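Structure below is coords.tsv: TSV, C-alpha atoms and all ligand atoms.
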```
chain	number	residue	atom	x	y	z
A	25	MET	CA	0.00	0.00	0.00
A	26	ASP	CA	1.55	3.38	-0.92
A	27	THR	CA	1.72	6.35	1.49
A	28	HIS	CA	-1.29	7.98	-0.13
A	29	ASN	CA	-3.46	4.91	0.43
A	30	VAL	CA	-2.25	4.45	4.00
A	31	ARG	CA	-3.18	8.08	4.70
A	32	LYS	CA	-6.55	7.62	3.02
A	33	TRP	CA	-7.26	4.48	5.06
A	34	PHE	CA	-6.21	6.25	8.24
A	35	LEU	CA	-8.38	9.31	7.60
A	36	CYS	CA	-11.45	7.60	6.20
A	37	VAL	CA	-11.57	4.46	8.29
A	38	TYR	CA	-9.27	4.46	11.25
A	39	ILE	CA	-10.05	7.90	12.69
A	40	PRO	CA	-13.88	7.55	12.46
A	41	LEU	CA	-13.63	4.06	13.96
A	42	LEU	CA	-11.38	5.26	16.72
A	43	LEU	CA	-13.89	7.98	17.57
A	44	LEU	CA	-16.58	5.34	17.74
A	45	VAL	CA	-14.43	3.24	20.06
A	46	LEU	CA	-13.52	6.18	22.28
A	47	THR	CA	-17.04	7.58	22.52
A	48	GLY	CA	-18.62	4.17	23.05
A	49	CYS	CA	-20.55	3.09	20.00
A	50	SER	CA	-22.94	0.76	21.79
A	51	GLU	CA	-24.36	3.01	24.50
A	52	ALA	CA	-27.93	2.34	23.30
A	53	SER	CA	-27.96	-1.26	24.52
A	54	PRO	CA	-25.51	-1.60	27.41
A	55	PRO	CA	-23.24	-4.66	27.14
A	56	PRO	CA	-23.24	-7.30	29.86
A	57	SER	CA	-20.97	-6.33	32.74
A	58	ILE	CA	-17.46	-7.71	32.95
A	59	SER	CA	-18.36	-9.68	36.03
A	60	THR	CA	-21.29	-11.31	34.21
A	61	LEU	CA	-18.98	-12.37	31.44
A	62	GLN	CA	-16.42	-13.65	33.91
A	63	ALA	CA	-19.01	-15.80	35.59
A	64	GLN	CA	-19.70	-17.65	32.37
A	65	PRO	CA	-17.68	-20.79	31.67
A	66	PRO	CA	-15.11	-20.17	28.94
A	67	GLU	CA	-16.41	-21.03	25.51
A	68	THR	CA	-14.20	-23.75	24.13
A	69	THR	CA	-16.17	-25.11	21.25
A	70	VAL	CA	-16.06	-23.68	17.80
A	71	THR	CA	-19.48	-22.55	16.68
A	72	GLN	CA	-20.62	-24.20	13.47
A	73	ALA	CA	-20.60	-21.97	10.44
A	74	PRO	CA	-24.11	-21.53	9.12
A	75	ALA	CA	-24.45	-23.44	5.84
A	76	ALA	CA	-25.60	-20.32	4.08
A	77	ALA	CA	-25.64	-17.20	6.19
A	78	GLU	CA	-27.93	-15.30	3.88
A	79	ALA	CA	-27.91	-11.52	3.90
A	80	GLU	CA	-31.07	-9.54	4.52
A	81	PRO	CA	-32.92	-8.64	1.31
A	82	GLY	CA	-31.48	-5.46	-0.15
A	83	GLU	CA	-28.02	-5.97	1.40
A	84	PRO	CA	-25.12	-5.76	-1.02
A	85	HIS	CA	-23.49	-9.15	-0.26
A	86	ALA	CA	-25.03	-12.41	-1.45
A	87	ARG	CA	-24.34	-13.86	1.98
A	88	LYS	CA	-22.97	-12.66	5.30
A	89	ILE	CA	-19.22	-12.59	5.82
A	90	VAL	CA	-18.07	-15.38	8.15
A	91	LEU	CA	-15.15	-14.54	10.46
A	92	GLY	CA	-13.43	-17.24	12.53
A	93	PHE	CA	-11.78	-15.80	15.64
A	94	SER	CA	-9.36	-17.74	17.81
A	95	GLN	CA	-9.17	-15.95	21.16
A	96	LEU	CA	-6.27	-17.03	23.37
A	97	GLY	CA	-8.14	-17.17	26.68
A	98	SER	CA	-10.03	-15.29	29.37
A	99	GLU	CA	-7.22	-14.66	31.85
A	100	SER	CA	-7.83	-10.98	32.59
A	101	ASP	CA	-10.38	-8.18	32.60
A	102	TRP	CA	-8.60	-6.84	29.50
A	103	ARG	CA	-9.19	-10.10	27.67
A	104	ILE	CA	-12.85	-10.25	28.66
A	105	ALA	CA	-13.36	-6.69	27.39
A	106	ASN	CA	-11.55	-7.62	24.18
A	107	THR	CA	-13.82	-10.62	23.58
A	108	ARG	CA	-16.90	-8.58	24.33
A	109	SER	CA	-15.78	-5.80	21.97
A	110	ILE	CA	-15.31	-8.30	19.13
A	111	GLN	CA	-18.63	-10.06	19.72
A	112	GLU	CA	-20.54	-6.78	19.85
A	113	ALA	CA	-18.78	-5.30	16.84
A	114	ALA	CA	-19.51	-8.42	14.77
A	115	GLN	CA	-23.21	-8.06	15.56
A	116	VAL	CA	-23.21	-4.38	14.67
A	117	ALA	CA	-21.33	-5.08	11.43
A	118	GLY	CA	-23.62	-7.97	10.47
A	119	ILE	CA	-20.68	-10.39	10.36
A	120	THR	CA	-21.17	-14.01	11.43
A	121	LEU	CA	-18.56	-14.66	14.13
A	122	LEU	CA	-17.28	-18.13	14.92
A	123	PHE	CA	-15.64	-17.72	18.31
A	124	SER	CA	-13.25	-20.12	19.99
A	125	ASN	CA	-11.50	-19.71	23.36
A	126	ALA	CA	-8.15	-21.56	23.52
A	127	GLU	CA	-7.67	-21.21	27.30
A	128	GLN	CA	-3.96	-20.31	26.93
A	129	SER	CA	-3.16	-23.31	24.72
A	130	GLN	CA	-1.47	-22.73	21.37
A	131	GLU	CA	-2.43	-26.30	20.42
A	132	LYS	CA	-6.11	-25.43	20.95
A	133	GLN	CA	-5.62	-22.37	18.76
A	134	PHE	CA	-4.29	-24.64	15.99
A	135	GLU	CA	-7.34	-26.91	16.36
A	136	ALA	CA	-9.72	-23.95	16.16
A	137	ILE	CA	-7.94	-22.56	13.10
A	138	ARG	CA	-8.08	-25.94	11.33
A	139	SER	CA	-11.77	-26.13	12.14
A	140	PHE	CA	-12.30	-22.66	10.63
A	141	VAL	CA	-10.49	-23.83	7.48
A	142	ARG	CA	-12.71	-26.93	7.25
A	143	GLN	CA	-15.76	-24.72	7.60
A	144	LYS	CA	-14.46	-22.48	4.79
A	145	VAL	CA	-14.78	-19.20	6.69
A	146	ASP	CA	-14.01	-16.01	4.75
A	147	VAL	CA	-11.41	-14.54	7.12
A	148	ILE	CA	-9.56	-15.86	10.19
A	149	ALA	CA	-8.49	-13.61	13.07
A	150	ILE	CA	-6.07	-14.82	15.71
A	151	ALA	CA	-5.08	-13.37	19.10
A	152	PRO	CA	-1.93	-15.50	19.55
A	153	VAL	CA	-1.07	-16.74	23.04
A	154	ILE	CA	2.69	-16.77	22.36
A	155	GLN	CA	4.91	-15.32	19.64
A	156	SER	CA	6.61	-18.40	18.22
A	157	GLY	CA	5.43	-21.49	16.34
A	158	TRP	CA	2.93	-19.95	13.92
A	159	GLU	CA	4.58	-20.48	10.55
A	160	PRO	CA	3.33	-24.04	9.76
A	161	ILE	CA	-0.33	-23.43	10.64
A	162	LEU	CA	-0.38	-20.12	8.80
A	163	LYS	CA	1.00	-21.89	5.73
A	164	GLU	CA	-1.94	-24.32	5.92
A	165	VAL	CA	-4.35	-21.40	6.05
A	166	LYS	CA	-2.60	-19.67	3.16
A	167	GLN	CA	-2.90	-22.82	1.08
A	168	ALA	CA	-6.62	-22.83	1.76
A	169	GLY	CA	-6.72	-19.26	0.43
A	170	ILE	CA	-8.12	-17.72	3.62
A	171	PRO	CA	-6.76	-14.31	4.66
A	172	VAL	CA	-5.51	-13.96	8.26
A	173	ILE	CA	-5.59	-10.97	10.60
A	174	ILE	CA	-3.35	-11.09	13.68
A	175	MET	CA	-4.95	-9.25	16.54
A	176	ASP	CA	-3.67	-7.93	19.89
A	177	ARG	CA	-0.39	-9.89	20.15
A	178	SER	CA	2.23	-9.96	17.41
A	179	ILE	CA	3.92	-13.13	16.14
A	180	ASP	CA	7.45	-14.09	15.08
A	181	VAL	CA	7.33	-15.24	11.47
A	182	LYS	CA	9.95	-14.80	8.78
A	183	ASP	CA	7.34	-14.72	6.03
A	184	THR	CA	5.08	-11.80	6.85
A	185	SER	CA	2.93	-12.51	3.78
A	186	LEU	CA	1.33	-15.22	5.96
A	187	TYR	CA	-0.97	-12.59	7.44
A	188	VAL	CA	-2.64	-9.53	5.98
A	189	SER	CA	-2.46	-7.14	8.88
A	190	PHE	CA	-1.67	-6.86	12.58
A	191	ILE	CA	-4.12	-4.85	14.71
A	192	GLY	CA	-2.95	-4.07	18.23
A	193	SER	CA	-0.79	-2.08	20.61
A	194	ASP	CA	2.88	-1.22	20.71
A	195	PHE	CA	3.89	-3.25	23.75
A	196	TYR	CA	7.53	-2.13	23.63
A	197	GLU	CA	6.36	1.47	23.83
A	198	GLU	CA	4.16	0.57	26.81
A	199	GLY	CA	7.27	-0.69	28.65
A	200	VAL	CA	9.09	2.51	27.74
A	201	LYS	CA	6.20	4.62	29.08
A	202	ALA	CA	6.18	2.68	32.36
A	203	ALA	CA	9.93	3.23	32.77
A	204	LYS	CA	9.69	6.92	31.91
A	205	TYR	CA	7.12	7.38	34.64
A	206	LEU	CA	9.51	5.72	37.09
A	207	LEU	CA	12.48	7.82	36.00
A	208	ASP	CA	10.41	10.93	36.55
A	209	LYS	CA	9.03	9.77	39.90
A	210	MET	CA	12.52	8.93	41.15
A	211	ARG	CA	14.28	11.97	39.72
A	212	GLU	CA	15.05	13.34	43.19
A	213	THR	CA	15.57	9.99	44.94
A	214	SER	CA	19.02	8.47	44.86
A	215	GLY	CA	19.43	4.73	44.69
A	216	PRO	CA	19.95	1.90	44.92
A	217	ILE	CA	16.25	1.42	44.11
A	218	ALA	CA	15.06	-2.20	44.01
A	219	ILE	CA	12.45	-3.06	41.39
A	220	ALA	CA	10.24	-6.15	41.22
A	221	GLU	CA	8.71	-7.19	37.92
A	222	LEU	CA	5.62	-9.38	37.46
A	223	GLN	CA	5.84	-10.68	33.91
A	224	GLY	CA	2.91	-11.96	31.88
A	225	THR	CA	2.71	-15.26	30.00
A	226	VAL	CA	6.16	-16.58	29.10
A	227	GLY	CA	6.91	-16.07	25.41
A	228	SER	CA	3.92	-13.77	24.82
A	229	ALA	CA	4.46	-10.55	22.91
A	230	PRO	CA	3.23	-8.21	25.67
A	231	SER	CA	5.46	-9.83	28.26
A	232	VAL	CA	8.56	-9.92	26.04
A	233	ASP	CA	8.16	-6.40	24.66
A	234	ARG	CA	7.00	-4.63	27.81
A	235	GLY	CA	9.94	-6.14	29.68
A	236	LYS	CA	12.35	-5.06	26.96
A	237	GLY	CA	11.04	-1.50	26.65
A	238	PHE	CA	11.15	-1.08	30.42
A	239	ARG	CA	14.69	-2.45	30.79
A	240	GLU	CA	16.14	-0.47	27.92
A	241	THR	CA	14.70	2.75	29.31
A	242	ILE	CA	15.71	2.40	32.98
A	243	LYS	CA	19.28	1.79	31.80
A	244	ALA	CA	19.55	5.58	31.90
A	245	ARG	CA	19.98	5.18	35.68
A	246	GLU	CA	22.36	2.56	36.98
A	247	ASP	CA	20.96	2.76	40.51
A	248	LEU	CA	17.59	1.38	39.34
A	249	GLN	CA	17.92	-2.39	39.58
A	250	ILE	CA	15.45	-5.16	38.81
A	251	VAL	CA	16.02	-7.48	41.75
A	252	TYR	CA	13.00	-9.74	41.26
A	253	SER	CA	11.40	-10.81	38.01
A	254	ALA	CA	9.10	-13.79	37.43
A	255	PRO	CA	6.10	-14.75	35.28
A	256	ALA	CA	2.63	-14.58	36.79
A	257	ASP	CA	0.55	-15.35	33.68
A	258	PHE	CA	-1.42	-12.07	33.64
A	259	THR	CA	-3.77	-13.36	36.38
A	260	VAL	CA	-4.76	-12.02	39.81
A	261	GLU	CA	-4.08	-15.34	41.53
A	262	LYS	CA	-0.58	-15.75	40.12
A	263	GLY	CA	0.12	-12.08	40.79
A	264	LYS	CA	-0.65	-12.74	44.44
A	265	ALA	CA	1.40	-15.92	44.66
A	266	VAL	CA	4.50	-14.52	42.94
A	267	MET	CA	4.40	-11.19	44.80
A	268	LYS	CA	4.35	-13.16	48.05
A	269	THR	CA	7.71	-14.69	47.14
A	270	PHE	CA	9.10	-11.20	46.36
A	271	LEU	CA	8.21	-10.08	49.89
A	272	GLN	CA	9.67	-13.06	51.74
A	273	ASP	CA	13.01	-11.43	52.62
A	274	PRO	CA	12.34	-8.26	54.64
A	275	GLY	CA	15.94	-7.18	54.07
A	276	LYS	CA	15.44	-7.24	50.31
A	277	ARG	CA	12.07	-5.59	49.95
A	278	PRO	CA	11.38	-3.99	46.56
A	279	GLN	CA	10.57	-0.28	46.48
A	280	VAL	CA	8.92	-0.48	43.06
A	281	LEU	CA	6.64	-2.99	41.34
A	282	PHE	CA	6.27	-3.07	37.57
A	283	ALA	CA	3.34	-5.38	36.78
A	284	HIS	CA	2.83	-6.27	33.12
A	285	ASN	CA	-0.94	-6.00	33.63
A	286	ASP	CA	-3.54	-4.68	36.03
A	287	ASP	CA	-4.80	-8.08	37.17
A	288	MET	CA	-1.37	-9.06	38.51
A	289	ALA	CA	-1.01	-5.62	40.15
A	290	LEU	CA	-4.36	-6.10	41.89
A	291	GLY	CA	-3.26	-9.50	43.19
A	292	ALA	CA	0.05	-8.01	44.36
A	293	ILE	CA	-1.73	-5.19	46.22
A	294	GLU	CA	-3.58	-7.77	48.32
A	295	VAL	CA	-0.39	-9.44	49.53
A	296	ILE	CA	1.44	-6.16	50.01
A	297	GLU	CA	-1.34	-5.11	52.39
A	298	GLU	CA	-1.33	-8.49	54.11
A	299	ALA	CA	2.38	-7.91	54.76
A	300	GLY	CA	1.50	-4.68	56.58
A	301	LEU	CA	2.85	-2.44	53.83
A	302	SER	CA	1.18	0.40	52.03
A	303	PRO	CA	0.86	-0.14	48.25
A	304	GLY	CA	1.51	3.05	46.30
A	305	LYS	CA	3.65	4.45	49.15
A	306	ASP	CA	6.00	1.79	50.56
A	307	ILE	CA	6.01	0.19	47.13
A	308	ILE	CA	5.46	2.34	44.04
A	309	ILE	CA	3.19	0.39	41.65
A	310	ILE	CA	3.17	0.79	37.88
A	311	SER	CA	0.85	-1.34	35.81
A	312	VAL	CA	-0.41	-1.77	32.24
A	313	ASP	CA	-3.97	-1.98	30.75
A	314	GLY	CA	-6.23	0.66	32.30
A	315	THR	CA	-9.11	-1.36	33.68
A	316	ARG	CA	-11.72	0.31	35.84
A	317	LYS	CA	-10.57	-1.75	38.84
A	318	ALA	CA	-7.02	-0.44	38.42
A	319	PHE	CA	-8.33	3.12	38.16
A	320	GLU	CA	-10.24	2.64	41.40
A	321	LYS	CA	-6.98	1.57	43.06
A	322	MET	CA	-5.28	4.67	41.63
A	323	VAL	CA	-8.01	6.83	43.15
A	324	GLU	CA	-7.33	5.10	46.50
A	325	GLY	CA	-3.62	5.88	46.07
A	326	LYS	CA	-2.64	2.21	45.81
A	327	ILE	CA	-1.45	2.24	42.19
A	328	ASN	CA	0.75	5.12	41.06
A	329	CYS	CA	0.63	4.85	37.29
A	330	VAL	CA	-1.27	2.87	34.65
A	331	VAL	CA	-0.06	2.65	31.07
A	332	GLU	CA	-3.07	2.17	28.83
A	333	CYS	CA	-3.46	-0.82	26.51
A	334	ASN	CA	-6.74	-0.66	24.61
A	335	PRO	CA	-8.73	-3.94	24.28
A	336	LEU	CA	-11.64	-2.41	22.36
A	337	LEU	CA	-10.43	-3.63	19.00
A	338	GLY	CA	-13.70	-5.11	17.72
A	339	PRO	CA	-14.74	-2.23	15.41
A	340	LEU	CA	-11.28	-2.10	13.82
A	341	LEU	CA	-11.28	-5.85	13.29
A	342	MET	CA	-14.71	-5.82	11.62
A	343	GLN	CA	-13.75	-2.92	9.39
A	344	ALA	CA	-10.54	-4.68	8.35
A	345	THR	CA	-12.50	-7.89	7.66
A	346	LYS	CA	-14.96	-6.06	5.42
A	347	GLU	CA	-12.18	-4.29	3.54
A	348	ILE	CA	-10.37	-7.55	2.88
A	349	MET	CA	-13.62	-8.96	1.47
A	350	GLU	CA	-13.94	-5.91	-0.75
A	351	GLY	CA	-10.47	-6.60	-2.10
A	352	ARG	CA	-8.84	-3.55	-0.57
A	353	THR	CA	-5.25	-3.47	0.67
A	354	LEU	CA	-4.73	-2.85	4.39
A	355	PRO	CA	-1.75	-1.36	6.21
A	356	LYS	CA	0.48	-4.12	7.61
A	357	ARG	CA	0.19	-2.67	11.10
A	358	ILE	CA	-2.83	-0.91	12.59
A	359	MET	CA	-2.17	0.52	16.04
A	360	SER	CA	-4.39	2.00	18.69
A	361	PRO	CA	-3.17	5.26	20.28
A	362	GLU	CA	-2.94	4.96	24.06
A	363	SER	CA	-2.30	7.17	27.11
A	364	VAL	CA	-0.56	7.05	30.45
A	365	TYR	CA	-2.58	7.78	33.59
A	366	THR	CA	-1.41	8.83	37.05
A	367	GLN	CA	-3.20	9.40	40.35
A	368	VAL	CA	-3.74	13.07	39.46
A	369	MET	CA	-6.05	12.18	36.57
A	370	ALA	CA	-7.56	8.99	37.99
A	371	ALA	CA	-10.58	10.43	39.81
A	372	LYS	CA	-11.67	12.36	36.73
A	373	GLU	CA	-11.19	9.42	34.38
A	374	VAL	CA	-12.45	6.47	36.45
A	375	GLU	CA	-16.11	6.86	35.45
A	376	ASN	CA	-15.17	6.95	31.76
A	377	ARG	CA	-13.50	3.57	31.77
A	378	LYS	CA	-15.40	1.16	29.56
A	379	TYR	CA	-13.74	-2.01	30.83
B	401	LIG	O1	-2.14	-9.03	25.08
B	401	LIG	C1	-2.65	-8.06	25.94
B	401	LIG	C2	-2.45	-8.47	27.36
B	401	LIG	O2	-3.05	-9.71	27.60
B	401	LIG	C3	-3.05	-7.54	28.40
B	401	LIG	O3	-2.18	-6.59	28.88
B	401	LIG	C4	-3.33	-8.51	29.49
B	401	LIG	O4	-4.12	-8.01	30.51
B	401	LIG	C5	-3.88	-9.63	28.73
B	401	LIG	O5	-4.16	-10.74	29.40
```

The structure given in the file should be rewritten as structure tokens.
Ligand code: AHR
Amino acid sequence: MDTHNVRKWFLCVYIPLLLLVLTGCSEASPPPSISTLQAQPPETTVTQAPAAAEAEPGEPHARKIVLGFSQLGSESDWRIANTRSIQEAAQVAGITLLFSNAEQSQEKQFEAIRSFVRQKVDVIAIAPVIQSGWEPILKEVKQAGIPVIIMDRSIDVKDTSLYVSFIGSDFYEEGVKAAKYLLDKMRETSGPIAIAELQGTVGSAPSVDRGKGFRETIKAREDLQIVYSAPADFTVEKGKAVMKTFLQDPGKRPQVLFAHNDDMALGAIEVIEEAGLSPGKDIIIISVDGTRKAFEKMVEGKINCVVECNPLLGPLLMQATKEIMEGRTLPKRIMSPESVYTQVMAAKEVENRKY
């Protein structure tokens, strides 16, 4: 796609869609709450593609577009909001969505993708649990002539023609933003300053890239040292369990926690308080995502900074799917602009959080 087309796509499609996402396009019929969705058992089966999903009379397509979506799991509030955004956007767009939840298993993602191929869907979207291992399955899909959109997490493939476009965040930049907040916060405090890091899923793009961006940025100050770092799978429970181990040695207590997502930060806050410490004061907490629960903790002074990662990618995904079906060329990378929030802005922003 040449620069002119990229600009055209950005102005005509991306900006209007982004406005829809930011202003909440589905206010008329409120979506089910996050807790309602959490209470439901994860959907593991692949919905059958309707034999002929006919379009309404007068609609331009002979039949509805069928999109197969392999979601990686339901580990966090971010993920639940992401699933909900995609399901709602598919309904609004009149796209038949075949949804499959892989519960953190790449193998299950492969099974779902093969099932989508057998059902001859029009487009396949994948939120990949980890970065590696995608080349063979994507070759199978390419052979079947089905276009692929990678969503949320990037993948490591030599042959980038195996997917049409990647829609998601810049995780490296999120790590950089987290580190910049820390550098600013500590500008008048001399070290050594001990940092603990709760990583996400091992080998996943957000964990790898957030960790890298953070490390490369704090290098600016030698007295900032990561003394603890371990994976906690992006979940509250693991966040709790791993943070507990970080607090075991009172002589080596971290002064800063960088959690790769809000759920792990929320788990960590619980054990920090159980240890008689004050989160946000005794331990500075920086997290990523921007869930309402994390904002509430910021308002209470228990989280210091949240780097936003936007899960509301459904409208962009549906638009990209339609454009592929219309034979248009998409940009290779479609990114969502994101902010950084601190306690100063939290009270004003908390009611606006959509997830
Ligand atoms: O890939 C996005 C990450 O995955 C989010 O930061 C995290 O909360 C989720 O589980």

* **Using all atoms listed in the file: which of A:Leu186, A:Ile309, A:Leu340, A:Ile150 has the shortest distance to ligand LIG 401 (chain B)** =>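 Selected residue with least distance to ligand LIG 401 (chain B): A:Ile150.
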
* To do: Enumerate as a PyMOL selection string the residues within 8 Å of ligand LIG 401 (chain B), counting all atoms listed in the file.
  => chain A and resi 98-103+151+176-177+224+228-230+257-259+284-287+312-313+333+335

* To do: Dump as a list in words all residues having an atom at most 8 Å from (-4.9, 0.3, 38.8), computed in the file's coordinates with all atoms listed in the file.
  =>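 Selection result: Asp286, Ala289, Leu290, Ser311, Gly314, Thr315, Arg316, Lys317, Ala318, Phe319, Glu320, Lys321, Met322, Lys326, Ile327, Asn328, Cys329 and Val330 of chain A.
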
* Selected residue of minimal separation from Lys276 (chain A) among A:Ala344, A:Ala149, A:Ile173, A:Ala218, counting all atoms listed in the file -> A:Ala218

* Asked: How many Å separate CA of Glu347 (chain A) from CA of Ser360 (chain A)?
  ->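 Going from CA of Glu347 (chain A) over to CA of Ser360 (chain A) covers 18.2 Å.
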
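Nearest-residue note for Tyr205 (chain A): choosing from A:Thr184, A:Thr120, A:Gln223, A:Thr241, the minimum distance belongs to A:Thr241, counting only C-alpha atoms.
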
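We find CA of Val145 (chain A) and CA of Gln130 (chain A) to be spaced 20.1 Å apart.
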
* To do: For each of A:Gln272, A:Gln143, A:Gln249, A:Gln155, take the minimum atom-to-atom distance to Ala168 (chain A), counting only C-alpha atoms, then give the residue where this is smallest.
  =>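 Once distances to Ala168 (chain A) are computed over only C-alpha atoms, the minimum belongs to A:Gln143.
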
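Minimum atom-to-atom distances from A:Gly291, A:Tyr379, A:Gly199, A:Lys166 to Ile104 (chain A) were compared using only C-alpha atoms, and the lowest value belongs to A:Tyr379.
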
* Which is closer to Pro171 (chain A) than all the others in A:Gln128, A:Thr353, A:Thr107, A:Ser363, using all atoms listed in the file? -> A:Thr353

* Asked: Which residues, written as an MDAnalysis selection string, have at least one atom at most 7 Å from Phe238 (chain A), with only C-alpha atoms counted and residues fewer than 4 positions away on the same chain left out?
  -> chainID A and resid 199:200 202:203 234 242

* One decimal, Å: what's the distance from CA of Gly338 (chain A) over to CA of Ala113 (chain A), could you say? =>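 Calculated distance between CA of Gly338 (chain A) and CA of Ala113 (chain A) is 5.2 Å.
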
* Non-local contacts of Gln95 (chain A) (12 Å; all atoms listed in the file; under 5 positions in same chain excluded) as a ChimeraX atom specification -> /A:66-70,103-108,110-111,121-130,132-134,136-137,148-154,174-177

Using the file's own x, y and z axes, so that the box edges lie along x, y and z, what centre and edge lengths in Å (one decimal) does a box around every listed atom of region 97-105 of chain A get when 6 Å is added on each side? Give it as lines of an AutoDock Vina configuration file.
```
center_x = -10.3
center_y = -11.9
center_z = 29.6
size_x = 18.1
size_y = 22.5
size_z = 17.9
```
